Amino acid sequence: MRSVRPLRGLCAAALIALASAAGPAAAQIKDLEAYAAALAASLAKACPMAPPGDTAAHEACRKAIGLGAEASMRDYIFQFGGDQAGKRMKDKKTSVFRGDLYQDLYMSLYMYTGKSKVFTAPDGERGIAVQAYFRNTLPPGRYPYPFWHTDGDANANDKWDAYETANELRFYFDRSGRVYYASRSDAGSDENRGPYGHIDRPTFVGEWMWRDDQGGAQPVVTLFSEAYSADNPHLPALDAAYRKMAIGFRNADCTVCHQPEGHRKMNKLTLLQTPMHAATSIDAVLDEVRSGKMPVDDYNDPKPLDPKLKASLLTDGEAFRNLITTADAWERTNGRPKARKLVAN
């Protein structure tokens, strides 16, 4: 593994409330078995089985995922985590993602065989499980953050082990046809996993973003340059706006809660420690700052902000959000296949 140096200035804002799902409700899925088969086939086409350290295969998967049957879940927000069987939804430790972020940064870390099944959830709703196996030997910067960090448990590798041993991804649907929870699970079969071995990752040193030996920002998959077309003319301004906003939130002490180790404090966690994580939650961040609900003190009580600092946070955050909207519009206008849809609030 290459040595890493901390990447300064790439900080993220804290978030207290979950972002509300945007856009029209998805059409109810009338034939779940047919959709399960279509979803599994689409994922297997975009992200077929390959050696678990094949970077080119992972990159091809990142580019292709989201264009098939799974496209319907890209534009709204849902929760993701371990299956945590036996726990009620409110007691599960989950992260909150917009669907496009989840697919491009997390689902792409799996390889799919085309096999699927339909199951009934404890609440009586039916769901879909697709057979999936984790890419556990990629370079560190191909993961959205170091999954080998600790959540405060005795075993720092619990999360990494859970990713490695997962053999299916599960999707739980509400009655409108939307996914409300996606989970990794080891309740499936390893029959199609192929050659595979446990990988011990180095000790996590506390940096969610860093620079590699060549000076490149990591994790590379979380950068705007990886989410938008290389010829999108708004990328330099978007990157500058993010850095300015992130520094402001750091100065307001908003960077300590919503990072991957935040599950020590809360069950539902919104991650904001990278550019793309922040981009998908900026609307909720601005709402919380306006309402005075963030940042919070050590007791999770709202901490008043200096009026000038609050005004600066809102100004910089709105500029960042507006540039995201502009960059997304350019992708749509220029017919880019994974351009984010214009979603009505």
# chains A, B, ... in the order shown; residues from 1 in each chain; ligands from 1

call {"tool": "residues_around", "arguments": {"residues": "region 163-178 of chain A", "least_positions_apart": "4", "cutoff": "7 Å", "atoms": "only C-alpha atoms", "output": "ChimeraX atom specification"}}
result
/A:25-29,126-134,136,159,182-186,188-190

call {"tool": "residues_around", "arguments": {"residues": "Gly335 (chain A)", "least_positions_apart": "6", "cutoff": "12 Å", "atoms": "only C-alpha atoms", "output": "list in words"}}
result
Ser229, Asn232, Asp328, Ala329 and Lys341 of chain A

call {"tool": "select_by_dssp", "arguments": {"residues": "region 39-275 of chain A", "states": "strand (DSSP E or B)", "output": "number ranges by chain"}}
result
A: 77-82, 94-98, 110-120, 126-134, 168-173, 179-185, 210-211, 217-218, 268-269

call {"tool": "write_last_selection", "arguments": {"atoms": "N, CA and C atoms", "output": "tab-separated table (two decimals), in the first residue's frame"}}
result
chain	number	residue	atom	x	y	z
A	77	ILE	N	-33.63	9.36	-1.86
A	77	ILE	CA	-32.79	9.02	-0.71
A	77	ILE	C	-33.35	7.83	0.05
A	78	PHE	N	-32.46	6.92	0.46
A	78	PHE	CA	-32.85	5.79	1.30
A	78	PHE	C	-31.69	5.42	2.20
A	79	GLN	N	-31.89	4.41	3.03
A	79	GLN	CA	-30.87	4.02	4.01
A	79	GLN	C	-30.15	2.75	3.57
A	80	PHE	N	-28.89	2.64	4.02
A	80	PHE	CA	-28.06	1.47	3.70
A	80	PHE	C	-27.29	1.05	4.94
A	81	GLY	N	-27.09	-0.25	5.09
A	81	GLY	CA	-26.30	-0.76	6.20
A	81	GLY	C	-26.25	-2.27	6.18
A	82	GLY	N	-25.70	-2.86	7.23
A	82	GLY	CA	-25.76	-4.30	7.37
A	82	GLY	C	-27.20	-4.73	7.60
A	94	THR	N	-27.55	2.69	10.28
A	94	THR	CA	-27.62	2.86	8.83
A	94	THR	C	-26.99	4.17	8.41
A	95	SER	N	-26.66	4.26	7.13
A	95	SER	CA	-26.22	5.51	6.51
A	95	SER	C	-27.27	5.93	5.49
A	96	VAL	N	-27.40	7.23	5.29
A	96	VAL	CA	-28.43	7.78	4.42
A	96	VAL	C	-27.77	8.26	3.13
A	97	PHE	N	-28.20	7.71	2.00
A	97	PHE	CA	-27.59	8.04	0.72
A	97	PHE	C	-28.65	8.37	-0.32
A	98	ARG	N	-28.29	9.24	-1.25
A	98	ARG	CA	-29.08	9.35	-2.47
A	98	ARG	C	-28.69	8.17	-3.36
A	110	TYR	N	-19.30	-4.27	-5.59
A	110	TYR	CA	-19.71	-5.67	-5.66
A	110	TYR	C	-19.73	-6.15	-7.11
A	111	MET	N	-19.62	-7.46	-7.26
A	111	MET	CA	-19.76	-8.13	-8.55
A	111	MET	C	-21.01	-8.99	-8.48
A	112	TYR	N	-21.71	-9.10	-9.60
A	112	TYR	CA	-23.03	-9.73	-9.60
A	112	TYR	C	-23.08	-10.91	-10.56
A	113	THR	N	-23.82	-11.92	-10.15
A	113	THR	CA	-23.89	-13.16	-10.93
A	113	THR	C	-25.14	-13.28	-11.78
A	114	GLY	N	-26.10	-12.39	-11.57
A	114	GLY	CA	-27.37	-12.48	-12.29
A	114	GLY	C	-28.43	-13.26	-11.55
A	115	LYS	N	-28.09	-13.79	-10.38
A	115	LYS	CA	-29.06	-14.55	-9.60
A	115	LYS	C	-29.78	-13.63	-8.61
A	116	SER	N	-31.06	-13.92	-8.38
A	116	SER	CA	-31.86	-13.10	-7.47
A	116	SER	C	-32.95	-13.95	-6.83
A	117	LYS	N	-33.57	-13.39	-5.80
A	117	LYS	CA	-34.72	-14.04	-5.17
A	117	LYS	C	-35.59	-12.96	-4.55
A	118	VAL	N	-36.84	-13.29	-4.30
A	118	VAL	CA	-37.78	-12.40	-3.64
A	118	VAL	C	-38.02	-12.94	-2.23
A	119	PHE	N	-38.02	-12.06	-1.24
A	119	PHE	CA	-38.24	-12.49	0.14
A	119	PHE	C	-39.29	-11.60	0.79
A	120	THR	N	-39.80	-12.02	1.93
A	120	THR	CA	-40.76	-11.24	2.69
A	120	THR	C	-40.09	-10.69	3.93
A	126	ARG	N	-42.50	-7.21	0.79
A	126	ARG	CA	-41.57	-8.08	0.09
A	126	ARG	C	-40.36	-7.29	-0.41
A	127	GLY	N	-39.24	-7.99	-0.56
A	127	GLY	CA	-38.03	-7.36	-1.03
A	127	GLY	C	-37.30	-8.25	-2.01
A	128	ILE	N	-36.18	-7.73	-2.52
A	128	ILE	CA	-35.37	-8.43	-3.52
A	128	ILE	C	-33.97	-8.62	-2.97
A	129	ALA	N	-33.40	-9.80	-3.18
A	129	ALA	CA	-31.99	-10.06	-2.87
A	129	ALA	C	-31.29	-10.45	-4.15
A	130	VAL	N	-30.16	-9.80	-4.44
A	130	VAL	CA	-29.36	-10.15	-5.61
A	130	VAL	C	-28.03	-10.70	-5.13
A	131	GLN	N	-27.59	-11.78	-5.74
A	131	GLN	CA	-26.31	-12.38	-5.36
A	131	GLN	C	-25.18	-11.42	-5.74
A	132	ALA	N	-24.28	-11.18	-4.78
A	132	ALA	CA	-23.23	-10.18	-4.98
A	132	ALA	C	-22.03	-10.52	-4.12
A	133	TYR	N	-20.84	-10.27	-4.66
A	133	TYR	CA	-19.59	-10.54	-3.95
A	133	TYR	C	-18.68	-9.32	-4.00
A	134	PHE	N	-18.02	-9.05	-2.88
A	134	PHE	CA	-17.28	-7.82	-2.65
A	134	PHE	C	-15.88	-7.85	-3.27
A	168	GLU	N	-24.89	-11.18	-0.74
A	168	GLU	CA	-26.04	-10.64	-1.45
A	168	GLU	C	-26.33	-9.22	-0.96
A	169	LEU	N	-26.92	-8.44	-1.83
A	169	LEU	CA	-27.47	-7.14	-1.47
A	169	LEU	C	-28.98	-7.26	-1.48
A	170	ARG	N	-29.61	-6.68	-0.45
A	170	ARG	CA	-31.06	-6.77	-0.30
A	170	ARG	C	-31.68	-5.38	-0.46
A	171	PHE	N	-32.85	-5.34	-1.08
A	171	PHE	CA	-33.57	-4.10	-1.29
A	171	PHE	C	-34.98	-4.26	-0.74
A	172	TYR	N	-35.32	-3.38	0.21
A	172	TYR	CA	-36.64	-3.39	0.83
A	172	TYR	C	-37.46	-2.25	0.24
A	173	PHE	N	-38.66	-2.54	-0.23
A	173	PHE	CA	-39.48	-1.56	-0.93
A	173	PHE	C	-40.68	-1.15	-0.08
A	179	VAL	N	-37.32	2.04	-2.86
A	179	VAL	CA	-36.46	1.39	-1.87
A	179	VAL	C	-36.42	2.28	-0.63
A	180	TYR	N	-36.68	1.72	0.55
A	180	TYR	CA	-36.49	2.49	1.77
A	180	TYR	C	-35.25	2.03	2.53
A	181	TYR	N	-34.79	0.81	2.23
A	181	TYR	CA	-33.60	0.29	2.90
A	181	TYR	C	-32.91	-0.69	1.97
A	182	ALA	N	-31.60	-0.53	1.82
A	182	ALA	CA	-30.76	-1.49	1.11
A	182	ALA	C	-29.74	-2.01	2.10
A	183	SER	N	-29.45	-3.29	2.03
A	183	SER	CA	-28.53	-3.86	3.02
A	183	SER	C	-27.60	-4.88	2.38
A	184	ARG	N	-26.44	-5.04	3.00
A	184	ARG	CA	-25.55	-6.14	2.65
A	184	ARG	C	-25.85	-7.28	3.62
A	185	SER	N	-25.78	-8.51	3.13
A	185	SER	CA	-26.16	-9.65	3.95
A	185	SER	C	-25.27	-10.84	3.61
A	210	TRP	N	-7.10	11.92	1.97
A	210	TRP	CA	-5.65	12.03	2.06
A	210	TRP	C	-5.08	12.27	0.67
A	211	ARG	N	-3.77	12.47	0.60
A	211	ARG	CA	-3.08	12.56	-0.69
A	211	ARG	C	-2.13	11.37	-0.82
A	217	ALA	N	-5.54	13.59	-4.74
A	217	ALA	CA	-6.53	13.48	-3.67
A	217	ALA	C	-7.17	12.10	-3.68
A	218	GLN	N	-7.36	11.55	-2.50
A	218	GLN	CA	-7.98	10.24	-2.32
A	218	GLN	C	-9.02	10.32	-1.20
A	268	LYS	N	-28.91	6.60	12.63
A	268	LYS	CA	-29.03	7.05	11.25
A	268	LYS	C	-27.99	8.13	10.99
A	269	LEU	N	-27.12	7.87	10.04
A	269	LEU	CA	-25.96	8.72	9.83
A	269	LEU	C	-25.90	9.21	8.40

call {"tool": "atom_distance", "arguments": {"atom1": "CA of Glu59 (chain A)", "atom2": "CA of Asp100 (chain A)"}}
result
15.5 Å

call {"tool": "select_by_dssp", "arguments": {"residues": "region 47-94 of chain A", "states": "alpha helix (DSSP H)", "output": "PyMOL selection string"}}
result
chain A and resi 55-64

call {"tool": "write_last_selection", "arguments": {"atoms": "C-alpha atoms", "output": "compact mmCIF listing (two decimals), in the first residue's frame"}}
result
# COMPACT_ATOMS: atom_id res chain seq x y z
CA THR A 55 -9.33 -2.04 -10.92
CA ALA A 56 -10.31 -1.88 -14.59
CA ALA A 57 -13.35 -4.07 -13.92
CA HIS A 58 -14.36 -1.83 -11.02
CA GLU A 59 -13.98 1.28 -13.16
CA ALA A 60 -16.09 -0.25 -15.94
CA CYS A 61 -18.73 -1.13 -13.36
CA ARG A 62 -18.79 2.42 -11.97
CA LYS A 63 -19.38 3.80 -15.44
CA ALA A 64 -22.06 1.29 -16.40

call {"tool": "residues_around", "arguments": {"residues": "Trp160 (chain A)", "least_positions_apart": "3", "cutoff": "10 Å", "atoms": "only C-alpha atoms", "output": "list in words"}}
result
Asn136, Pro146, Phe147, Trp148, His149, Thr150, Ala156, Asn157, Tyr163, Glu164, Thr165, His198, Ile199, Asp200 and Arg201 of chain A

call {"tool": "write_last_selection", "arguments": {"atoms": "C-alpha atoms", "output": "PDB file, in the first residue's frame"}}
result
ATOM      1  CA  ASN A 136     -11.766  -6.698  -1.309  1.00  0.00           C
ATOM      2  CA  PRO A 146     -11.673   3.161   4.774  1.00  0.00           C
ATOM      3  CA  PHE A 147     -14.200   0.467   5.690  1.00  0.00           C
ATOM      4  CA  TRP A 148     -11.557  -0.943   8.050  1.00  0.00           C
ATOM      5  CA  HIS A 149     -12.024   1.887  10.568  1.00  0.00           C
ATOM      6  CA  THR A 150     -13.659   1.171  13.924  1.00  0.00           C
ATOM      7  CA  ALA A 156     -11.907  -2.599  14.487  1.00  0.00           C
ATOM      8  CA  ASN A 157     -12.392  -4.884  11.486  1.00  0.00           C
ATOM      9  CA  TYR A 163     -18.282  -6.362   3.582  1.00  0.00           C
ATOM     10  CA  GLU A 164     -15.982  -9.278   2.765  1.00  0.00           C
ATOM     11  CA  THR A 165     -18.386 -12.003   3.854  1.00  0.00           C
ATOM     12  CA  HIS A 198      -9.562 -12.464   3.547  1.00  0.00           C
ATOM     13  CA  ILE A 199      -7.457  -9.294   3.307  1.00  0.00           C
ATOM     14  CA  ASP A 200      -6.001  -7.574   6.367  1.00  0.00           C
ATOM     15  CA  ARG A 201      -6.035  -3.821   5.832  1.00  0.00           C
TER      16      ARG A 201
END

call {"tool": "closest_atom_pairs", "arguments": {"of": "region 204-257 of chain A", "to": "region 282-289 of chain A", "cutoff": "12 Å", "atoms": "only C-alpha atoms", "output": "CSV"}}
result
residue,atom,partner,partner_atom,distance
A:Tyr242,CA,A:Ile282,CA,10.4
A:Met245,CA,A:Ile282,CA,10.5
A:Ala246,CA,A:Ile282,CA,11.2
A:Phe249,CA,A:Val289,CA,10.2
A:Ala252,CA,A:Val289,CA,10.7
A:Cys254,CA,A:Val289,CA,10.2
